[in-house]
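Next comes upload_30.tsv, with TSV, C-alpha atoms and all ligand atoms.
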chain	number	residue	atom	x	y	z
A	1272	MET	CA	-0.84	17.14	19.80
A	1273	LYS	CA	-1.93	13.59	20.43
A	1274	ILE	CA	-1.96	12.44	16.88
A	1275	THR	CA	-3.27	9.35	15.13
A	1276	PHE	CA	-3.56	8.32	11.48
A	1277	PRO	CA	-5.10	5.53	9.45
A	1278	HIS	CA	-3.19	2.38	8.57
A	1279	LEU	CA	-1.73	2.41	5.06
A	1280	GLY	CA	0.31	-0.76	4.85
A	1281	ASN	CA	3.64	-0.45	6.65
A	1282	ALA	CA	3.64	3.39	6.47
A	1283	TYR	CA	2.68	3.55	10.15
A	1284	ILE	CA	6.19	2.41	11.10
A	1285	ALA	CA	7.93	5.34	9.41
A	1286	GLY	CA	5.00	7.65	10.29
A	1287	LYS	CA	5.41	6.98	13.99
A	1288	ALA	CA	9.19	7.57	13.99
A	1289	PHE	CA	8.72	10.78	12.00
A	1290	LEU	CA	6.03	12.15	14.32
A	1291	ASP	CA	8.14	11.14	17.36
A	1292	GLU	CA	10.92	13.33	15.93
A	1293	LEU	CA	8.49	16.24	15.63
A	1294	GLY	CA	7.66	15.93	19.31
A	1295	HIS	CA	4.07	14.76	18.90
A	1296	GLU	CA	2.54	12.11	21.08
A	1297	VAL	CA	1.73	9.35	18.62
A	1298	ILE	CA	-1.37	7.28	19.24
A	1299	LEU	CA	-1.01	4.29	16.95
A	1300	PRO	CA	-4.31	2.75	15.96
A	1301	ALA	CA	-4.44	-0.98	16.65
A	1302	VAL	CA	-3.34	-3.09	13.70
A	1303	ASN	CA	-6.33	-3.69	11.40
A	1304	SER	CA	-8.48	-6.57	12.58
A	1305	ARG	CA	-12.01	-7.95	12.42
A	1306	LYS	CA	-12.82	-5.65	15.36
A	1307	THR	CA	-11.56	-2.56	13.46
A	1308	LEU	CA	-13.68	-3.53	10.49
A	1309	GLU	CA	-16.76	-4.12	12.65
A	1310	ILE	CA	-16.41	-0.69	14.29
A	1311	GLY	CA	-15.79	0.91	10.89
A	1312	SER	CA	-18.67	-0.84	9.12
A	1313	LYS	CA	-21.09	0.02	11.90
A	1314	ASN	CA	-20.27	3.72	11.59
A	1315	SER	CA	-19.85	4.09	7.81
A	1316	PRO	CA	-22.30	4.28	4.91
A	1317	ASP	CA	-23.22	0.75	3.78
A	1318	GLU	CA	-22.25	1.21	0.13
A	1319	ILE	CA	-18.91	2.93	0.69
A	1320	CYS	CA	-15.68	1.14	-0.22
A	1321	LEU	CA	-13.77	-1.07	2.19
A	1322	PRO	CA	-10.79	1.27	2.86
A	1323	PHE	CA	-13.21	3.96	4.09
A	1324	LYS	CA	-14.68	1.56	6.66
A	1325	LEU	CA	-11.26	0.58	7.96
A	1326	PHE	CA	-10.21	4.24	8.18
A	1327	THR	CA	-13.35	4.88	10.27
A	1328	GLY	CA	-12.42	1.98	12.54
A	1329	ASN	CA	-8.82	3.24	12.86
A	1330	TYR	CA	-9.99	6.74	13.77
A	1331	ILE	CA	-12.42	5.59	16.40
A	1332	GLU	CA	-9.88	3.18	17.91
A	1333	GLY	CA	-7.27	5.99	17.89
A	1334	ILE	CA	-9.64	8.51	19.50
A	1335	GLU	CA	-10.69	6.00	22.16
A	1336	LYS	CA	-6.97	5.67	23.01
A	1337	GLY	CA	-6.74	9.46	23.51
A	1338	ALA	CA	-5.95	11.01	20.12
A	1339	ASP	CA	-7.12	14.62	19.60
A	1340	THR	CA	-5.77	15.06	16.04
A	1341	ILE	CA	-6.07	12.95	12.91
A	1342	PHE	CA	-3.47	13.14	10.17
A	1343	THR	CA	-4.45	11.76	6.79
A	1344	VAL	CA	-3.91	12.19	3.07
A	1345	GLY	CA	-6.53	13.44	0.62
A	1346	SER	CA	-7.09	13.65	-3.09
A	1347	CYS	CA	-9.55	14.82	-5.68
A	1348	GLY	CA	-10.72	13.46	-9.01
A	1349	PRO	CA	-13.40	10.99	-9.99
A	1350	CYS	CA	-13.11	8.66	-7.00
A	1351	ARG	CA	-14.52	8.59	-3.49
A	1352	PHE	CA	-11.12	9.08	-1.86
A	1353	GLY	CA	-11.33	12.86	-2.17
A	1354	LEU	CA	-14.45	12.81	-0.03
A	1355	TYR	CA	-13.02	10.63	2.74
A	1356	PRO	CA	-11.84	13.42	5.10
A	1357	LEU	CA	-15.09	15.39	4.72
A	1358	ILE	CA	-17.34	12.42	5.40
A	1359	HIS	CA	-15.14	11.11	8.20
A	1360	LYS	CA	-15.20	14.48	9.90
A	1361	GLN	CA	-19.00	14.51	9.68
A	1362	ILE	CA	-19.27	10.96	11.04
A	1363	LEU	CA	-16.95	11.67	13.96
A	1364	ASP	CA	-18.80	14.94	14.75
A	1365	ASP	CA	-22.11	13.06	14.74
A	1366	LEU	CA	-20.63	10.51	17.14
A	1367	GLY	CA	-19.69	13.36	19.48
A	1368	TYR	CA	-15.91	13.12	18.97
A	1369	SER	CA	-14.15	16.45	18.80
A	1370	VAL	CA	-10.93	16.06	16.79
A	1371	ASN	CA	-8.79	18.24	14.58
A	1372	PHE	CA	-8.12	16.97	11.03
A	1373	ILE	CA	-4.85	17.65	9.19
A	1374	VAL	CA	-5.32	16.59	5.57
A	1375	LEU	CA	-2.35	16.44	3.22
A	1376	ASP	CA	-3.66	16.70	-0.35
A	1377	ALA	CA	-1.42	16.16	-3.37
A	1378	ILE	CA	0.66	19.29	-4.07
A	1379	ARG	CA	-0.71	19.65	-7.60
A	1380	GLU	CA	-4.16	20.30	-6.22
A	1381	ASP	CA	-3.25	23.33	-4.11
A	1382	PHE	CA	0.35	24.09	-3.18
A	1383	LEU	CA	-0.58	26.60	-0.46
A	1384	ASP	CA	-3.03	24.20	1.10
A	1385	PHE	CA	-0.36	21.48	1.05
A	1386	LYS	CA	2.19	23.77	2.67
A	1387	ASN	CA	-0.31	24.92	5.34
A	1388	SER	CA	-1.22	21.37	6.28
A	1389	LEU	CA	2.43	20.39	6.46
A	1390	SER	CA	3.25	23.48	8.54
A	1391	GLN	CA	0.43	22.63	10.93
A	1392	LEU	CA	1.84	19.15	11.33
A	1393	LEU	CA	5.44	20.31	11.67
A	1394	GLY	CA	4.66	23.32	13.86
A	1395	THR	CA	6.72	25.60	11.58
A	1396	THR	CA	6.23	27.59	8.40
A	1397	SER	CA	9.94	27.65	7.53
A	1398	LEU	CA	10.33	26.17	4.06
A	1399	ILE	CA	13.82	24.88	4.95
A	1400	GLN	CA	12.47	23.07	8.01
A	1401	VAL	CA	9.51	21.72	6.05
A	1402	THR	CA	11.85	20.39	3.34
A	1403	LYS	CA	14.21	18.86	5.90
A	1404	SER	CA	11.37	17.08	7.68
A	1405	ALA	CA	9.83	15.88	4.42
A	1406	LYS	CA	13.19	14.39	3.42
A	1407	LEU	CA	13.47	12.53	6.71
A	1408	ALA	CA	9.92	11.17	6.32
A	1409	PHE	CA	10.71	9.99	2.81
A	1410	LYS	CA	13.95	8.32	3.91
A	1411	LEU	CA	12.16	6.36	6.66
A	1412	ILE	CA	9.30	5.32	4.38
A	1413	ASN	CA	11.75	4.30	1.67
A	1414	MET	CA	13.85	2.21	4.08
A	1415	THR	CA	10.73	0.44	5.39
A	1416	ASP	CA	9.49	-0.30	1.86
A	1417	ASN	CA	12.91	-1.59	0.80
A	1418	LEU	CA	12.99	-3.90	3.80
A	1419	SER	CA	9.57	-5.28	2.95
A	1420	GLN	CA	10.68	-5.83	-0.67
A	1421	LEU	CA	13.84	-7.58	0.50
A	1422	SER	CA	11.72	-9.91	2.64
A	1423	ASN	CA	9.60	-10.75	-0.42
A	1424	TYR	CA	12.71	-11.65	-2.38
A	1425	ILE	CA	14.30	-13.73	0.40
A	1426	ARG	CA	11.01	-15.52	1.19
A	1427	ALA	CA	10.72	-16.82	-2.38
A	1428	TYR	CA	14.12	-18.58	-2.07
A	1429	ALA	CA	14.12	-19.38	1.65
A	1430	VAL	CA	14.42	-22.98	2.80
A	1431	ASN	CA	12.27	-22.06	5.80
A	1432	LYS	CA	9.65	-19.48	4.75
A	1433	LYS	CA	8.29	-19.21	8.30
A	1434	GLN	CA	11.69	-17.93	9.45
A	1435	VAL	CA	11.29	-14.93	7.13
A	1436	ASN	CA	7.78	-14.29	8.45
A	1437	LYS	CA	9.08	-14.44	12.03
A	1438	ILE	CA	11.89	-11.96	11.27
A	1439	MET	CA	9.35	-9.54	9.80
A	1440	ASP	CA	6.89	-10.04	12.68
A	1441	ASP	CA	9.71	-9.25	15.13
A	1442	PHE	CA	10.56	-6.18	13.07
A	1443	TYR	CA	7.02	-4.77	13.31
A	1444	GLU	CA	6.86	-5.54	17.01
A	1445	ASN	CA	10.19	-3.85	17.77
A	1446	ALA	CA	9.52	-0.91	15.45
A	1447	VAL	CA	6.31	0.15	17.20
A	1448	GLN	CA	8.10	0.07	20.52
A	1449	SER	CA	11.02	2.19	19.29
A	1450	PHE	CA	11.25	5.97	19.52
A	1451	GLY	CA	12.40	8.30	16.76
A	1452	ALA	CA	14.29	7.94	13.50
A	1453	ASN	CA	17.65	6.62	14.77
A	1454	GLU	CA	16.14	3.75	16.73
A	1455	LEU	CA	14.01	2.78	13.75
A	1456	ILE	CA	16.98	2.91	11.37
A	1457	ASN	CA	18.96	0.61	13.71
A	1458	ILE	CA	16.09	-1.87	13.80
A	1459	ILE	CA	15.78	-1.81	10.01
A	1460	ASN	CA	19.52	-2.43	9.62
A	1461	LYS	CA	19.46	-5.31	12.09
A	1462	THR	CA	16.43	-6.85	10.37
A	1463	THR	CA	18.17	-6.53	7.00
A	1464	ASP	CA	21.14	-8.50	8.42
A	1465	ASN	CA	18.79	-11.15	9.79
A	1466	LEU	CA	17.10	-11.51	6.41
A	1467	ARG	CA	20.44	-11.84	4.65
A	1468	ASP	CA	21.38	-14.66	7.05
A	1469	VAL	CA	18.36	-16.77	6.05
A	1470	LYS	CA	19.38	-20.03	4.36
A	1471	LEU	CA	18.38	-20.01	0.69
A	1472	ASP	CA	17.57	-22.90	-1.62
A	1473	LYS	CA	19.41	-22.02	-4.81
A	1474	SER	CA	17.61	-24.78	-6.72
A	1475	ILE	CA	14.35	-22.80	-6.53
A	1476	SER	CA	13.47	-20.91	-9.73
A	1477	PRO	CA	10.88	-18.47	-8.43
A	1478	LEU	CA	8.08	-17.07	-10.54
A	1479	LYS	CA	7.78	-13.29	-10.60
A	1480	ILE	CA	4.34	-11.77	-10.11
A	1481	GLY	CA	3.41	-8.07	-9.94
A	1482	ILE	CA	0.58	-6.92	-7.69
A	1483	ILE	CA	-1.44	-4.15	-9.31
A	1484	GLY	CA	-4.73	-2.43	-8.53
A	1485	GLU	CA	-6.12	-0.16	-5.82
A	1486	ILE	CA	-3.30	1.19	-3.64
A	1487	TYR	CA	-4.83	0.46	-0.23
A	1488	THR	CA	-5.60	-3.14	-1.15
A	1489	ILE	CA	-2.11	-3.61	-2.54
A	1490	ILE	CA	-0.30	-2.39	0.56
A	1491	GLU	CA	-2.58	-3.27	3.49
A	1492	PRO	CA	-1.94	-6.87	4.60
A	1493	TYR	CA	-5.20	-7.24	6.54
A	1494	VAL	CA	-7.24	-6.40	3.45
A	1495	ASN	CA	-5.20	-8.43	0.96
A	1496	LEU	CA	-5.00	-11.39	3.33
A	1497	GLU	CA	-1.21	-11.11	3.37
A	1498	ILE	CA	-0.90	-11.84	-0.31
A	1499	GLU	CA	2.84	-11.13	-0.31
A	1500	ARG	CA	3.49	-13.82	2.28
A	1501	LYS	CA	1.14	-16.30	0.67
A	1502	LEU	CA	2.78	-15.94	-2.74
A	1503	GLY	CA	6.27	-15.96	-1.23
A	1504	GLU	CA	5.46	-19.25	0.45
A	1505	LEU	CA	4.61	-20.57	-3.03
A	1506	ASN	CA	8.15	-19.60	-4.18
A	1507	VAL	CA	6.98	-16.42	-5.90
A	1508	ILE	CA	8.88	-13.12	-5.91
A	1509	VAL	CA	6.27	-10.41	-5.46
A	1510	ASP	CA	6.57	-6.79	-6.50
A	1511	LYS	CA	3.97	-4.14	-5.65
A	1512	SER	CA	3.16	-1.59	-8.34
A	1513	LEU	CA	2.26	0.96	-5.68
A	1514	THR	CA	3.88	1.59	-2.32
A	1515	PRO	CA	4.01	4.63	-0.01
A	1516	THR	CA	7.48	5.38	-1.45
A	1517	LYS	CA	6.22	5.32	-5.03
A	1518	TRP	CA	3.20	7.45	-4.10
A	1519	LEU	CA	5.33	10.09	-2.35
A	1520	ASP	CA	7.89	10.11	-5.14
A	1521	HIS	CA	5.21	10.76	-7.75
A	1522	HIS	CA	3.02	13.22	-5.85
A	1523	VAL	CA	5.55	15.12	-3.74
A	1524	LEU	CA	9.23	14.64	-4.59
A	1525	SER	CA	8.84	14.72	-8.37
A	1526	TYR	CA	6.28	17.52	-8.37
A	1527	PRO	CA	5.26	19.05	-10.81
A	1528	PHE	CA	6.34	16.54	-13.50
A	1529	GLY	CA	5.59	13.30	-11.71
A	1530	SER	CA	7.96	10.38	-11.18
A	1531	LYS	CA	9.55	8.65	-14.15
A	1532	TYR	CA	8.06	5.33	-13.00
A	1533	GLU	CA	4.47	6.63	-12.97
A	1534	THR	CA	4.73	8.69	-16.14
A	1535	THR	CA	6.10	5.63	-17.94
A	1536	LYS	CA	3.02	3.71	-16.83
A	1537	PHE	CA	0.69	6.45	-18.11
A	1538	LYS	CA	2.40	6.22	-21.50
A	1539	LEU	CA	2.10	2.44	-21.56
A	1540	ALA	CA	-1.60	2.64	-20.69
A	1541	LYS	CA	-2.35	5.18	-23.41
A	1542	PRO	CA	-3.33	2.77	-26.23
A	1543	TYR	CA	-5.99	1.35	-23.88
A	1544	MET	CA	-6.91	4.27	-21.63
A	1545	VAL	CA	-6.26	7.88	-22.46
A	1546	ASP	CA	-7.97	9.69	-19.58
A	1547	MET	CA	-7.73	9.25	-15.85
A	1548	VAL	CA	-10.64	7.31	-14.37
A	1549	GLY	CA	-9.91	8.18	-10.75
A	1550	GLY	CA	-7.91	6.35	-8.10
A	1551	HIS	CA	-5.09	4.46	-9.79
A	1552	GLY	CA	-7.18	2.90	-12.58
A	1553	ARG	CA	-4.96	4.16	-15.35
A	1554	GLU	CA	-1.77	3.15	-13.50
A	1555	THR	CA	-3.22	-0.34	-13.08
A	1556	VAL	CA	-3.43	-0.79	-16.85
A	1557	GLY	CA	0.04	0.71	-17.36
A	1558	SER	CA	1.47	-1.46	-14.57
A	1559	ALA	CA	0.27	-4.68	-16.21
A	1560	ILE	CA	2.11	-3.75	-19.41
A	1561	TYR	CA	5.13	-2.57	-17.43
A	1562	TYR	CA	5.46	-5.93	-15.65
A	1563	LYS	CA	5.08	-7.79	-18.95
A	1564	ASN	CA	7.90	-5.67	-20.40
A	1565	MET	CA	10.02	-6.36	-17.32
A	1566	GLY	CA	9.79	-10.11	-17.89
A	1567	TYR	CA	7.37	-10.94	-15.10
A	1568	ASP	CA	5.36	-14.16	-15.36
A	1569	GLY	CA	1.98	-12.57	-14.59
A	1570	VAL	CA	0.13	-9.96	-12.56
A	1571	ILE	CA	-2.66	-10.01	-10.01
A	1572	GLN	CA	-5.07	-7.09	-9.87
A	1573	ILE	CA	-6.54	-6.63	-6.44
A	1574	LEU	CA	-9.40	-4.29	-5.60
A	1575	PRO	CA	-12.06	-3.69	-2.99
A	1576	LEU	CA	-15.66	-4.50	-3.97
A	1577	ASN	CA	-17.34	-1.40	-5.49
A	1578	CYS	CA	-14.07	0.32	-6.36
A	1579	MET	CA	-15.09	2.34	-9.41
A	1580	PRO	CA	-11.68	3.05	-11.02
A	1581	GLU	CA	-10.52	-0.53	-10.68
A	1582	ILE	CA	-13.73	-1.92	-12.16
A	1583	VAL	CA	-13.01	0.19	-15.25
A	1584	ALA	CA	-9.39	-1.01	-15.29
A	1585	LYS	CA	-10.54	-4.62	-14.89
A	1586	SER	CA	-12.57	-4.47	-18.08
A	1587	VAL	CA	-9.57	-3.05	-19.98
A	1588	LEU	CA	-7.17	-5.63	-18.56
A	1589	LYS	CA	-9.01	-8.40	-20.41
A	1590	ARG	CA	-7.86	-6.84	-23.68
A	1591	VAL	CA	-4.34	-6.31	-22.35
A	1592	ALA	CA	-4.10	-9.99	-21.34
A	1593	GLN	CA	-5.22	-11.12	-24.80
A	1594	ASP	CA	-3.09	-8.68	-26.77
A	1595	LEU	CA	0.06	-9.42	-24.80
A	1596	ASN	CA	-0.67	-13.09	-24.12
A	1597	PHE	CA	0.02	-12.34	-20.48
A	1598	PRO	CA	-1.61	-14.00	-17.42
A	1599	ILE	CA	-3.68	-11.52	-15.40
A	1600	MET	CA	-5.94	-12.51	-12.53
A	1601	THR	CA	-8.34	-10.20	-10.67
A	1602	LEU	CA	-9.16	-10.64	-7.00
A	1603	VAL	CA	-11.99	-8.66	-5.43
A	1604	VAL	CA	-11.93	-8.37	-1.65
A	1605	ASP	CA	-14.63	-7.33	0.81
A	1606	GLU	CA	-15.74	-8.00	4.38
A	1607	MET	CA	-16.82	-11.52	3.42
A	1608	THR	CA	-13.65	-12.68	1.65
A	1609	GLY	CA	-12.66	-16.09	2.99
A	1610	GLU	CA	-9.06	-17.19	3.46
A	1611	ALA	CA	-9.51	-20.68	1.96
A	1612	GLY	CA	-11.10	-19.55	-1.32
A	1613	PHE	CA	-8.53	-16.77	-1.67
A	1614	MET	CA	-5.64	-19.20	-1.20
A	1615	THR	CA	-7.12	-21.66	-3.69
A	1616	ARG	CA	-7.25	-18.98	-6.35
A	1617	LEU	CA	-3.64	-17.94	-5.70
A	1618	GLU	CA	-2.46	-21.56	-5.90
A	1619	ALA	CA	-4.40	-22.12	-9.11
A	1620	PHE	CA	-2.92	-19.00	-10.70
A	1621	VAL	CA	0.63	-19.94	-9.71
A	1622	ASP	CA	0.03	-23.46	-11.01
A	1623	LEU	CA	-1.29	-22.15	-14.30
A	1624	ILE	CA	1.72	-19.91	-14.83
A	1625	SER	CA	4.17	-22.68	-13.91
A	1626	LYS	CA	2.55	-25.09	-16.39
A	1627	ARG	CA	2.50	-22.40	-19.05
A	1628	ASN	CA	6.21	-21.74	-18.51
A	1629	GLU	CA	7.00	-25.47	-18.56
A	1630	GLY	CA	5.19	-25.77	-21.88
A	1631	ARG	CA	7.11	-22.82	-23.26
A	1632	ASN	CA	10.45	-24.23	-22.10
A	1633	THR	CA	9.61	-27.57	-23.68
A	1634	GLU	CA	8.76	-25.83	-26.95
A	1635	ILE	CA	11.99	-23.89	-26.87
A	1636	GLY	CA	13.96	-27.03	-25.92
B	1701	LIG	S1	-9.82	3.93	-5.39
B	1701	LIG	FE1	-11.59	2.62	-5.12
B	1701	LIG	S2	-11.47	1.86	-3.03
B	1701	LIG	FE2	-10.08	3.58	-3.18
B	1701	LIG	S3	-11.35	5.30	-2.53
B	1701	LIG	FE3	-11.51	5.24	-4.75
B	1701	LIG	S4	-13.35	4.03	-5.13
B	1701	LIG	FE4	-12.77	3.66	-2.99

How does the structure come out when it is put into structure tokens?
Ligand code: SF4
Amino acid sequence: MKITFPHLGNAYIAGKAFLDELGHEVILPAVNSRKTLEIGSKNSPDEICLPFKLFTGNYIEGIEKGADTIFTVGSCGPCRFGLYPLIHKQILDDLGYSVNFIVLDAIREDFLDFKNSLSQLLGTTSLIQVTKSAKLAFKLINMTDNLSQLSNYIRAYAVNKKQVNKIMDDFYENAVQSFGANELINIINKTTDNLRDVKLDKSISPLKIGIIGEIYTIIEPYVNLEIERKLGELNVIVDKSLTPTKWLDHHVLSYPFGSKYETTKFKLAKPYMVDMVGGHGRETVGSAIYYKNMGYDGVIQILPLNCMPEIVAKSVLKRVAQDLNFPIMTLVVDEMTGEAGFMTRLEAFVDLISKRNEGRNTEIG
């Protein structure tokens, strides 16, 4: 199989190593760019959400590079995501591309379907083999996410923030050129050492901000205009409420009960939102409260324009912010989002929180 998949944050790094191990030829789609978005927008329904358009662009770029199979995840519930694979298949058929789709839906929706898709990908129906491979995939994804989180922590304290960015850029460059799990693990370990060698300024007292909202926008740097780096450069430690590791833990590893982290968030959201509203709308509300309880200084909700679940969550977050006296800012991104305006809003939010904290410290003092 010549297999490609859409970009979902840094998951492509672990995804490539995992598929290498399975013996597939991996066709990595180009990193998301203006060109990807133009191709995607041109071939997607106008009103559809931004992630859909980028997926379309990724698929077409992957197919043009020779891919004959697309691997993606699916879902159901009151959100457009469940329809993505169906509509994408139709669009690609209409464009004359003949590709096979392997769609991995959440286990809770149909265990047999999940197992069949996984078996198709792995080329085996042996449950032992499937479990072994799934564990390896999880380990790689987890290591990549931990590395990215470490870089967020180091960046907030680093004397030279650009050095951290360079280490991470080198990591991504080397990782896509590596082959298989062992090579990737070596690169991750080396990058971890490089990050730990970065000179820190111990006089910095970083703010802590949680990023909440729609999963794709949280994890995909092209869409969120590299929010983690931007905040890190403002001496902020950033934590993402959703990552590929957290998603897999909740939907696959902790099946059927769900991960402790996510179920805690559902409970926290309950006074404000009892039912699911699709996507991660309910988790967004729970995450805001979670970060408040964890002593964070504020949260930023990020969502693509027209994202139904997050629009619902946004309206609830106003109440949460008032009730908990907790700073929450919402950023909506789309094809037209400009870097300068985005940066100004981040700086203003960080400024506001710093002043608020100063005032509080003065009161306490
Ligand atoms: S969560 Fe929002 S952006 Fe994501 S697929 Fe659903 S509606 Fe679209």

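Residues lying within 7 Å of segment 1438-1451 of chain A, counting only C-alpha atoms and ignoring same-chain neighbours fewer than 6 positions away, are Ile1284, Ala1288, Phe1289, Asp1291, Glu1292, Ile1458 and Thr1462 of chain A.
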
Just the residues within 6 Å of segment 1547-1552 of chain A, please, counting only C-alpha atoms, with nothing from its chain fewer than 4 positions along; format it as a ChimeraX atom specification. /A:1348-1350,1580-1581,1584

For Val1583 of chain A, the nearest of the candidates A:Gly1294, A:Pro1356, A:Gly1484, A:Gly1286, counting only C-alpha atoms: A:Gly1484

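Shortest separation to Ile1498 of chain A among A:Tyr1562, A:Leu1321, A:Ser1474, A:Phe1613 occurs at residue A:Phe1613, atoms counted being only C-alpha atoms.
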
For a cut-off of 12 Å around (3.6, 16.7, 0.4), file coordinates, pick out all residues using only C-alpha atoms and list them as a PyMOL selection string. chain A and resi 1343-1346+1374-1390+1392-1393+1401-1402+1404-1406+1408-1409+1518-1527

For the residues selected in the previous step, produce a file with C-alpha atoms as a JSON list (two decimals), in the coordinates of the input.
[["chain", "number", "residue", "atom", "x", "y", "z"],
["A", 1343, "THR", "CA", -4.45, 11.76, 6.79],
["A", 1344, "VAL", "CA", -3.91, 12.19, 3.07],
["A", 1345, "GLY", "CA", -6.53, 13.44, 0.62],
["A", 1346, "SER", "CA", -7.09, 13.65, -3.09],
["A", 1374, "VAL", "CA", -5.32, 16.59, 5.57],
["A", 1375, "LEU", "CA", -2.35, 16.44, 3.22],
["A", 1376, "ASP", "CA", -3.66, 16.70, -0.35],
["A", 1377, "ALA", "CA", -1.42, 16.16, -3.37],
["A", 1378, "ILE", "CA", 0.66, 19.29, -4.07],
["A", 1379, "ARG", "CA", -0.71, 19.65, -7.60],
["A", 1380, "GLU", "CA", -4.16, 20.30, -6.22],
["A", 1381, "ASP", "CA", -3.25, 23.33, -4.11],
["A", 1382, "PHE", "CA", 0.35, 24.09, -3.18],
["A", 1383, "LEU", "CA", -0.58, 26.60, -0.46],
["A", 1384, "ASP", "CA", -3.03, 24.20, 1.10],
["A", 1385, "PHE", "CA", -0.36, 21.48, 1.05],
["A", 1386, "LYS", "CA", 2.19, 23.77, 2.67],
["A", 1387, "ASN", "CA", -0.31, 24.92, 5.34],
["A", 1388, "SER", "CA", -1.22, 21.37, 6.28],
["A", 1389, "LEU", "CA", 2.43, 20.39, 6.46],
["A", 1390, "SER", "CA", 3.25, 23.48, 8.54],
["A", 1392, "LEU", "CA", 1.84, 19.15, 11.33],
["A", 1393, "LEU", "CA", 5.44, 20.31, 11.67],
["A", 1401, "VAL", "CA", 9.51, 21.72, 6.05],
["A", 1402, "THR", "CA", 11.85, 20.39, 3.34],
["A", 1404, "SER", "CA", 11.37, 17.08, 7.68],
["A", 1405, "ALA", "CA", 9.83, 15.88, 4.42],
["A", 1406, "LYS", "CA", 13.19, 14.39, 3.42],
["A", 1408, "ALA", "CA", 9.92, 11.17, 6.32],
["A", 1409, "PHE", "CA", 10.71, 9.99, 2.81],
["A", 1518, "TRP", "CA", 3.20, 7.45, -4.10],
["A", 1519, "LEU", "CA", 5.33, 10.09, -2.35],
["A", 1520, "ASP", "CA", 7.89, 10.11, -5.14],
["A", 1521, "HIS", "CA", 5.21, 10.76, -7.75],
["A", 1522, "HIS", "CA", 3.02, 13.22, -5.85],
["A", 1523, "VAL", "CA", 5.55, 15.12, -3.74],
["A", 1524, "LEU", "CA", 9.23, 14.64, -4.59],
["A", 1525, "SER", "CA", 8.84, 14.72, -8.37],
["A", 1526, "TYR", "CA", 6.28, 17.52, -8.37],
["A", 1527, "PRO", "CA", 5.26, 19.05, -10.81]]

Restricting the calculation to only C-alpha atoms: of A:Val1430, A:Glu1610, A:Ile1560, A:Arg1631, which residue gets closest to Arg1590 of chain A?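 Closest residue, counting only C-alpha atoms: A:Ile1560.
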
Using all atoms listed in the file, can you tell me which of A:Asn1436, A:Thr1555, A:Gln1593, A:Ser1422 comes closest to ligand LIG 1701 (chain B)? A:Thr1555

With distances taken over all atoms listed in the file, the candidate from A:Leu1602, A:Ile1486, A:Ile1341, A:Ile1508 nearest ligand LIG 1701 (chain B) is A:Ile1486

Could you pull out the residues sitting within 6 Å of ligand LIG 1701 (chain B), using all atoms listed in the file, and write them as a PDB file with C-alpha atoms, in the coordinates of the input?
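Full text of out.pdb as output:
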ATOM      1  CA  CYS A1320     -15.680   1.140  -0.220  1.00  0.00           C
ATOM      2  CA  PRO A1322     -10.790   1.270   2.860  1.00  0.00           C
ATOM      3  CA  CYS A1350     -13.110   8.660  -7.000  1.00  0.00           C
ATOM      4  CA  ARG A1351     -14.520   8.590  -3.490  1.00  0.00           C
ATOM      5  CA  PHE A1352     -11.120   9.080  -1.860  1.00  0.00           C
ATOM      6  CA  GLU A1485      -6.120  -0.160  -5.820  1.00  0.00           C
ATOM      7  CA  GLY A1550      -7.910   6.350  -8.100  1.00  0.00           C
ATOM      8  CA  PRO A1575     -12.060  -3.690  -2.990  1.00  0.00           C
ATOM      9  CA  CYS A1578     -14.070   0.320  -6.360  1.00  0.00           C
ATOM     10  CA  MET A1579     -15.090   2.340  -9.410  1.00  0.00           C
ATOM     11  CA  PRO A1580     -11.680   3.050 -11.020  1.00  0.00           C
TER      12      PRO A1580
END

Atom CA of Leu1478 of chain A and atom CA of Met1414 of chain A are how many Å apart?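 Pair atom CA of Leu1478 of chain A / atom CA of Met1414 of chain A returns 24.9 Å.
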
A:Asn1329, A:Ser1315, A:Ser1512, A:Asn1628: which is nearest Phe1276 of chain A, counting only C-alpha atoms? A:Asn1329

Polymer residues at most 9 Å from (-15.8, -7.3, 4.2) by all atoms listed in the file, as a list in words: Leu1308, Ser1312, Leu1321, Val1494, Pro1575, Leu1576, Val1604, Asp1605, Glu1606, Met1607 and Thr1608 of chain A

Taking C-alpha atoms for each residue, export the selection above as a compact mmCIF listing (two decimals), in the coordinates of the input.
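See result.txt below for the written result:
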# COMPACT_ATOMS: atom_id res chain seq x y z
CA LEU A 1308 -13.68 -3.53 10.49
CA SER A 1312 -18.67 -0.84 9.12
CA LEU A 1321 -13.77 -1.07 2.19
CA VAL A 1494 -7.24 -6.40 3.45
CA PRO A 1575 -12.06 -3.69 -2.99
CA LEU A 1576 -15.66 -4.50 -3.97
CA VAL A 1604 -11.93 -8.37 -1.65
CA ASP A 1605 -14.63 -7.33 0.81
CA GLU A 1606 -15.74 -8.00 4.38
CA MET A 1607 -16.82 -11.52 3.42
CA THR A 1608 -13.65 -12.68 1.65

Report as a count of residues only all protein, DNA and RNA residues lying within 12 Å of segment 1614-1625 of chain A, evaluated on all atoms listed in the file, omitting residues in the same chain fewer than 5 positions from it. 41

What does the distance between atom CA of Lys1531 of chain A and atom CA of Ile1582 of chain A come to in Å, to one decimal place? 25.6 Å

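With atom CA of Arg1467 of chain A on one side and atom CA of Thr1415 of chain A on the other, the separation reads 15.7 Å.
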
Could you list, as a list of chain:residue names, every residue within 12 Å of Lys1470 of chain A, counting only C-alpha atoms and ignoring same-chain residues fewer than 6 positions away? A:Ile1425, A:Arg1426, A:Ala1427, A:Tyr1428, A:Ala1429, A:Val1430, A:Asn1431, A:Lys1432, A:Lys1433, A:Gln1434, A:Val1435
